[in-house]
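Have a look at the structure below before the remarks.
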Amino acid sequence: MTRRRPVIGVSGSMIMAEGSYAVQAAGMRNLEAVAEAADCLPIIVPGMPDHAEIGELLELCDGFLLTGGRANVHPSRYGHAETEKHGSFDHGRDAVVLPLIGAALEAGLPIFGVCRGIQEMNVALGGTLHPEIRELPGRMNHRMPPGEKNHEVIFRKRHPVRLTPGGEVARLVGAEEIVTNSLHGQGVDEPGARVVIEGVAEDGTVEAISIADARRFAIGVQWHAEYDACADPVHCALWRAFGAAARDAAIRRERRGAA
Ligand SMILES: N[C@@H](CCC(=O)NCCCC(=O)O)C(=O)O
């Protein structure tokens with residue numbers, strides 16, 4: 001049995017603190033979810049490609065959490081031209097996280113993608129994103145209420161998600177229909193190779209994916225599973241499964257080291 005908690009690399013986003021200091025940040029709810037619901041040690045992976053070497057990250061971490069983030073994956077990453085609708089970007093995060101996803105899958109390390117994270121997983125596997133899904137025919141607005149500051153309102157459950165019967169997410173959470181929060185403007189358009197649709201909203205928006213043939217937990221959700229991570233039974237089930245997969249990866253690594 002491994003004596004240390006598994007280490008989870010948590011993707012950092014570049015933000016400007018006090019308007020002028022460039023900072024790599026990860027929301028505390030993400031870090032708490034990793035520590036409390038998954039029982040792992042969270043460390044922030046900086047979106048700084050010159051300083052976050054993929055091989056070192058794979059040696060250090062037993063799994064990766066791809067967090068939500070306001071900045072969007074740059075459309076050139078999936079072969080589209082940049083438009084105003086694509087909003088703001090975080091090129092450093094794109095440059096670290098997108099190759100990290102393929103490398104972690106190759107190494108059999110678990111990945112959990114949340115909001116921007118599911119979008120990154122889809123792009124890393126060759127898929128595309130739509131910059132503003134509410135403009136697609138029949139789609140609803142999945143964005144948070146504008147100007148709202150109250151987190152109970154921002155993270156309120158907004159729409160049902162139908163999980164694929166017999167799919168991995170339905171199996172993990174023990175349900176085929178759940179209700180989720182919703183804070184995003186973009187969404188999965190063309191699914192990438194190996195991307196398995198695990199859940200859709202009633203308007204057809206992709207809400208959950210897994211990656212075919214992944215050796216361990218590789219799941220992305222479009223909602224914010226870090227909110228109420230321990231108390232919400234759906235969120236809790238996902239974090240526990242992610243933590244268990246990271247523990248398994250850590251134990252195998254320890255055994256390999258001892259052999
Ligand atoms: N930018 C993408 C992803 C949306 C997302 O992750 N929102 C959460 C941001 C929360 C935060 O700022 O930490 C999109 O708009 O679809």
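Each chain in the structure tokens gets a letter, A, B, ..., in the order shown, and its residues are numbered from 1; ligands are numbered from 1 in order too.
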Can you list every residue of chain A that has an atom at most 6 Å from ligand 1, with its nearest atom pair and the distance in Å to one decimal, using only C-alpha atoms and all ligand atoms, ordered by chain then number, as JSON lines?
{"residue": "A:Gly68", "atom": "CA", "partner": "ligand 1", "partner_atom_place_in_ligand_line": "6 (O)", "distance": 3.2}
{"residue": "A:Gly69", "atom": "CA", "partner": "ligand 1", "partner_atom_place_in_ligand_line": "6 (O)", "distance": 3.9}
{"residue": "A:Arg70", "atom": "CA", "partner": "ligand 1", "partner_atom_place_in_ligand_line": "1 (N)", "distance": 4.1}
{"residue": "A:Ala71", "atom": "CA", "partner": "ligand 1", "partner_atom_place_in_ligand_line": "1 (N)", "distance": 4.8}
{"residue": "A:Asn72", "atom": "CA", "partner": "ligand 1", "partner_atom_place_in_ligand_line": "1 (N)", "distance": 4.4}
{"residue": "A:Cys115", "atom": "CA", "partner": "ligand 1", "partner_atom_place_in_ligand_line": "6 (O)", "distance": 4.3}
{"residue": "A:Arg116", "atom": "CA", "partner": "ligand 1", "partner_atom_place_in_ligand_line": "3 (C)", "distance": 3.9}
{"residue": "A:Leu183", "atom": "CA", "partner": "ligand 1", "partner_atom_place_in_ligand_line": "7 (N)", "distance": 5.3}
{"residue": "A:His184", "atom": "CA", "partner": "ligand 1", "partner_atom_place_in_ligand_line": "16 (O)", "distance": 3.8}
{"residue": "A:Gly185", "atom": "CA", "partner": "ligand 1", "partner_atom_place_in_ligand_line": "15 (O)", "distance": 3.9}
{"residue": "A:Gln186", "atom": "CA", "partner": "ligand 1", "partner_atom_place_in_ligand_line": "16 (O)", "distance": 3.4}
{"residue": "A:Gly187", "atom": "CA", "partner": "ligand 1", "partner_atom_place_in_ligand_line": "16 (O)", "distance": 5.8}
Save out the residues we just selected, C-alpha atoms, as a CSV table (one decimal), in the first residue's frame.
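Generated output (again-v1.csv):
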chain,number,residue,atom,x,y,z
A,68,GLY,CA,-12.6,25.3,-15.9
A,69,GLY,CA,-11.3,28.6,-17.1
A,70,ARG,CA,-12.7,31.8,-18.7
A,71,ALA,CA,-10.2,31.9,-21.5
A,72,ASN,CA,-11.0,29.7,-24.5
A,115,CYS,CA,-15.8,22.7,-18.2
A,116,ARG,CA,-12.9,24.1,-20.1
A,183,LEU,CA,-21.4,28.1,-16.9
A,184,HIS,CA,-20.1,28.0,-20.4
A,185,GLY,CA,-20.4,29.6,-23.8
A,186,GLN,CA,-18.5,27.1,-25.9
A,187,GLY,CA,-19.1,23.4,-26.3
Could you tell me, as an MDAnalysis selection string, which residues of segment 31-226 of chain A DSSP assigns to helix (DSSP H, G or I) when given the backbone?
chainID A and resid 31:37 54:60 75:78 84:86 91:107 116:124 133:135 151:154 168:173
Include C-alpha atoms and write out the residues we just selected as a PDB file, in the first residue's frame.
ATOM      1  CA  LEU A  31      -7.995  22.106  -5.043  1.00  0.00           C
ATOM      2  CA  GLU A  32     -10.425  21.246  -2.223  1.00  0.00           C
ATOM      3  CA  ALA A  33     -12.255  18.722  -4.407  1.00  0.00           C
ATOM      4  CA  VAL A  34      -8.960  16.974  -5.150  1.00  0.00           C
ATOM      5  CA  ALA A  35      -7.942  16.963  -1.469  1.00  0.00           C
ATOM      6  CA  GLU A  36     -11.281  16.263   0.187  1.00  0.00           C
ATOM      7  CA  ALA A  37     -13.405  14.333  -2.304  1.00  0.00           C
ATOM      8  CA  ILE A  54       5.574  17.041 -19.827  1.00  0.00           C
ATOM      9  CA  GLY A  55       7.944  14.155 -18.989  1.00  0.00           C
ATOM     10  CA  GLU A  56       8.613  15.569 -15.511  1.00  0.00           C
ATOM     11  CA  LEU A  57       4.891  16.061 -14.905  1.00  0.00           C
ATOM     12  CA  LEU A  58       4.199  12.442 -15.832  1.00  0.00           C
ATOM     13  CA  GLU A  59       6.885  11.306 -13.378  1.00  0.00           C
ATOM     14  CA  LEU A  60       5.587  13.505 -10.591  1.00  0.00           C
ATOM     15  CA  PRO A  75      -9.308  27.936 -32.377  1.00  0.00           C
ATOM     16  CA  SER A  76      -6.089  27.358 -34.335  1.00  0.00           C
ATOM     17  CA  ARG A  77      -5.667  24.318 -32.048  1.00  0.00           C
ATOM     18  CA  TYR A  78      -8.577  22.703 -33.891  1.00  0.00           C
ATOM     19  CA  GLU A  84     -14.398  37.893 -31.964  1.00  0.00           C
ATOM     20  CA  LYS A  85     -16.741  35.203 -30.675  1.00  0.00           C
ATOM     21  CA  HIS A  86     -13.770  33.146 -29.553  1.00  0.00           C
ATOM     22  CA  HIS A  91      -1.892  30.346 -24.982  1.00  0.00           C
ATOM     23  CA  GLY A  92       0.403  29.084 -22.238  1.00  0.00           C
ATOM     24  CA  ARG A  93      -2.266  26.776 -20.836  1.00  0.00           C
ATOM     25  CA  ASP A  94      -3.094  25.493 -24.337  1.00  0.00           C
ATOM     26  CA  ALA A  95       0.605  24.752 -24.918  1.00  0.00           C
ATOM     27  CA  VAL A  96       0.958  22.735 -21.699  1.00  0.00           C
ATOM     28  CA  VAL A  97      -2.414  21.040 -21.279  1.00  0.00           C
ATOM     29  CA  LEU A  98      -3.165  19.909 -24.840  1.00  0.00           C
ATOM     30  CA  PRO A  99      -0.010  17.784 -25.231  1.00  0.00           C
ATOM     31  CA  LEU A 100      -0.262  16.698 -21.600  1.00  0.00           C
ATOM     32  CA  ILE A 101      -3.651  15.045 -22.251  1.00  0.00           C
ATOM     33  CA  GLY A 102      -2.283  12.743 -24.954  1.00  0.00           C
ATOM     34  CA  ALA A 103       0.817  11.992 -22.903  1.00  0.00           C
ATOM     35  CA  ALA A 104      -1.196  11.180 -19.759  1.00  0.00           C
ATOM     36  CA  LEU A 105      -3.501   8.863 -21.733  1.00  0.00           C
ATOM     37  CA  GLU A 106      -0.468   7.166 -23.226  1.00  0.00           C
ATOM     38  CA  ALA A 107       1.011   6.729 -19.742  1.00  0.00           C
ATOM     39  CA  ARG A 116     -12.891  24.100 -20.131  1.00  0.00           C
ATOM     40  CA  GLY A 117     -11.266  20.751 -19.275  1.00  0.00           C
ATOM     41  CA  ILE A 118     -13.770  18.663 -21.294  1.00  0.00           C
ATOM     42  CA  GLN A 119     -13.245  21.084 -24.174  1.00  0.00           C
ATOM     43  CA  GLU A 120      -9.462  20.614 -23.934  1.00  0.00           C
ATOM     44  CA  MET A 121      -9.863  16.837 -23.917  1.00  0.00           C
ATOM     45  CA  ASN A 122     -11.962  16.982 -27.075  1.00  0.00           C
ATOM     46  CA  VAL A 123      -9.465  19.263 -28.849  1.00  0.00           C
ATOM     47  CA  ALA A 124      -6.474  17.166 -27.736  1.00  0.00           C
ATOM     48  CA  ILE A 133     -23.350  27.231 -28.660  1.00  0.00           C
ATOM     49  CA  ARG A 134     -26.440  29.319 -27.816  1.00  0.00           C
ATOM     50  CA  GLU A 135     -26.342  30.593 -31.408  1.00  0.00           C
ATOM     51  CA  HIS A 151     -22.305  31.480  -5.979  1.00  0.00           C
ATOM     52  CA  GLU A 152     -25.492  29.709  -4.955  1.00  0.00           C
ATOM     53  CA  VAL A 153     -27.122  31.337  -7.969  1.00  0.00           C
ATOM     54  CA  ILE A 154     -24.136  30.958 -10.313  1.00  0.00           C
ATOM     55  CA  GLU A 168     -19.136   4.746 -17.872  1.00  0.00           C
ATOM     56  CA  VAL A 169     -20.479   7.964 -16.345  1.00  0.00           C
ATOM     57  CA  ALA A 170     -23.983   6.505 -15.825  1.00  0.00           C
ATOM     58  CA  ARG A 171     -22.380   3.510 -14.155  1.00  0.00           C
ATOM     59  CA  LEU A 172     -20.178   5.626 -11.879  1.00  0.00           C
ATOM     60  CA  VAL A 173     -22.953   7.952 -10.729  1.00  0.00           C
TER      61      VAL A 173
END
Strand (DSSP E) residues, from DSSP on the backbone, in segment 36-255 of chain A, as a ChimeraX atom specification:
/A:41-45,63-66,111-114,129-130,159-163,177-180,187-188,195-201,206-211,218-221
Keeping N, CA and C atoms, export the residues of the selection given above as a short mmCIF file (atom, residue, chain, number, x, y, z; two decimals), in the first residue's frame.
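Printed below is out-v4.cif as written:
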data_model
loop_
_atom_site.label_atom_id
_atom_site.label_comp_id
_atom_site.auth_asym_id
_atom_site.auth_seq_id
_atom_site.Cartn_x
_atom_site.Cartn_y
_atom_site.Cartn_z
N LEU A 41 -3.31 14.76 -3.25
CA LEU A 41 -2.57 16.00 -3.01
C LEU A 41 -2.60 16.86 -4.29
N PRO A 42 -3.23 18.05 -4.23
CA PRO A 42 -3.27 18.89 -5.43
C PRO A 42 -2.02 19.75 -5.57
N ILE A 43 -1.46 19.79 -6.76
CA ILE A 43 -0.39 20.76 -7.04
C ILE A 43 -0.73 21.45 -8.36
N ILE A 44 -0.42 22.73 -8.44
CA ILE A 44 -0.81 23.47 -9.64
C ILE A 44 0.24 23.27 -10.74
N VAL A 45 -0.25 22.91 -11.91
CA VAL A 45 0.61 22.80 -13.10
C VAL A 45 0.56 24.15 -13.82
N GLY A 63 -2.16 11.72 -11.65
CA GLY A 63 -3.39 12.03 -12.39
C GLY A 63 -3.44 13.53 -12.63
N PHE A 64 -4.38 13.94 -13.46
CA PHE A 64 -4.46 15.37 -13.82
C PHE A 64 -5.91 15.83 -13.79
N LEU A 65 -6.11 16.99 -13.17
CA LEU A 65 -7.41 17.66 -13.21
C LEU A 65 -7.28 18.85 -14.15
N LEU A 66 -8.13 18.88 -15.15
CA LEU A 66 -8.17 20.00 -16.10
C LEU A 66 -9.34 20.87 -15.68
N ILE A 111 -7.39 11.20 -15.93
CA ILE A 111 -7.64 12.60 -16.28
C ILE A 111 -9.08 12.91 -15.97
N PHE A 112 -9.30 14.04 -15.34
CA PHE A 112 -10.67 14.52 -15.11
C PHE A 112 -10.74 15.95 -15.68
N GLY A 113 -11.59 16.15 -16.67
CA GLY A 113 -11.75 17.47 -17.29
C GLY A 113 -13.07 18.09 -16.89
N VAL A 114 -13.01 19.32 -16.42
CA VAL A 114 -14.20 20.03 -15.96
C VAL A 114 -14.36 21.31 -16.79
N LEU A 129 -14.52 22.72 -31.32
CA LEU A 129 -15.44 23.40 -30.40
C LEU A 129 -16.28 24.38 -31.19
N HIS A 130 -17.48 24.65 -30.67
CA HIS A 130 -18.27 25.76 -31.22
C HIS A 130 -18.08 26.95 -30.28
N HIS A 159 -30.06 22.49 -15.77
CA HIS A 159 -30.74 21.68 -16.80
C HIS A 159 -30.42 20.20 -16.61
N PRO A 160 -31.35 19.36 -17.10
CA PRO A 160 -31.09 17.92 -17.02
C PRO A 160 -30.02 17.48 -18.02
N VAL A 161 -29.35 16.43 -17.68
CA VAL A 161 -28.40 15.78 -18.60
C VAL A 161 -28.76 14.30 -18.65
N ARG A 162 -28.96 13.80 -19.87
CA ARG A 162 -29.26 12.38 -20.04
C ARG A 162 -27.96 11.63 -20.27
N LEU A 163 -27.65 10.74 -19.36
CA LEU A 163 -26.40 9.97 -19.48
C LEU A 163 -26.64 8.73 -20.34
N GLU A 177 -30.27 9.92 -15.58
CA GLU A 177 -30.61 11.34 -15.76
C GLU A 177 -30.19 12.09 -14.51
N ILE A 178 -29.46 13.18 -14.72
CA ILE A 178 -29.02 14.02 -13.61
C ILE A 178 -29.35 15.46 -13.98
N VAL A 179 -29.20 16.37 -13.01
CA VAL A 179 -29.41 17.80 -13.28
C VAL A 179 -28.11 18.51 -12.89
N THR A 180 -27.64 19.40 -13.78
CA THR A 180 -26.32 19.98 -13.57
C THR A 180 -26.35 21.51 -13.59
N GLY A 187 -18.74 24.83 -26.54
CA GLY A 187 -19.11 23.43 -26.33
C GLY A 187 -18.48 22.55 -27.38
N VAL A 188 -18.52 21.26 -27.12
CA VAL A 188 -18.00 20.29 -28.08
C VAL A 188 -18.82 20.39 -29.36
N VAL A 195 -13.26 9.94 -28.61
CA VAL A 195 -14.15 10.62 -27.66
C VAL A 195 -15.52 9.93 -27.69
N VAL A 196 -15.92 9.42 -26.54
CA VAL A 196 -17.20 8.72 -26.41
C VAL A 196 -18.18 9.66 -25.70
N ILE A 197 -19.32 9.91 -26.32
CA ILE A 197 -20.32 10.79 -25.70
C ILE A 197 -21.00 10.01 -24.57
N GLU A 198 -20.89 10.57 -23.37
CA GLU A 198 -21.44 9.90 -22.19
C GLU A 198 -22.69 10.60 -21.67
N GLY A 199 -22.94 11.83 -22.13
CA GLY A 199 -24.12 12.54 -21.65
C GLY A 199 -24.41 13.76 -22.50
N VAL A 200 -25.70 14.05 -22.69
CA VAL A 200 -26.10 15.25 -23.46
C VAL A 200 -27.22 15.97 -22.73
N ALA A 201 -27.23 17.31 -22.90
CA ALA A 201 -28.34 18.11 -22.39
C ALA A 201 -29.53 17.93 -23.31
N VAL A 206 -23.20 18.48 -25.80
CA VAL A 206 -22.43 17.39 -25.17
C VAL A 206 -22.05 17.82 -23.76
N GLU A 207 -22.38 16.99 -22.79
CA GLU A 207 -22.16 17.35 -21.39
C GLU A 207 -21.17 16.43 -20.67
N ALA A 208 -20.95 15.25 -21.22
CA ALA A 208 -20.00 14.33 -20.57
C ALA A 208 -19.37 13.44 -21.64
N ILE A 209 -18.08 13.20 -21.49
CA ILE A 209 -17.37 12.31 -22.42
C ILE A 209 -16.46 11.37 -21.63
N SER A 210 -16.10 10.29 -22.27
CA SER A 210 -14.99 9.47 -21.78
C SER A 210 -14.10 9.22 -23.01
N ILE A 211 -12.94 8.64 -22.76
CA ILE A 211 -12.00 8.39 -23.86
C ILE A 211 -11.89 6.88 -24.05
N ALA A 218 -10.81 8.50 -17.51
CA ALA A 218 -10.56 9.62 -18.43
C ALA A 218 -11.92 10.18 -18.82
N ILE A 219 -12.38 11.10 -18.00
CA ILE A 219 -13.75 11.60 -18.12
C ILE A 219 -13.73 13.11 -18.12
N GLY A 220 -14.56 13.68 -18.98
CA GLY A 220 -14.75 15.14 -18.99
C GLY A 220 -16.22 15.45 -18.80
N VAL A 221 -16.49 16.50 -18.02
CA VAL A 221 -17.89 16.94 -17.85
C VAL A 221 -17.96 18.43 -18.12
#
Would you please work out which residue, of A:Cys236, A:Ala241, A:Gly126, A:His51, is nearest to Gly79 of chain A when using only C-alpha atoms?
A:Gly126
Which value, in Å to one decimal, gives the distance between atom CA of Pro131 of chain A and atom CA of Leu109 of chain A?
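Separating atom CA of Pro131 of chain A from atom CA of Leu109 of chain A is a distance of 29.3 Å.
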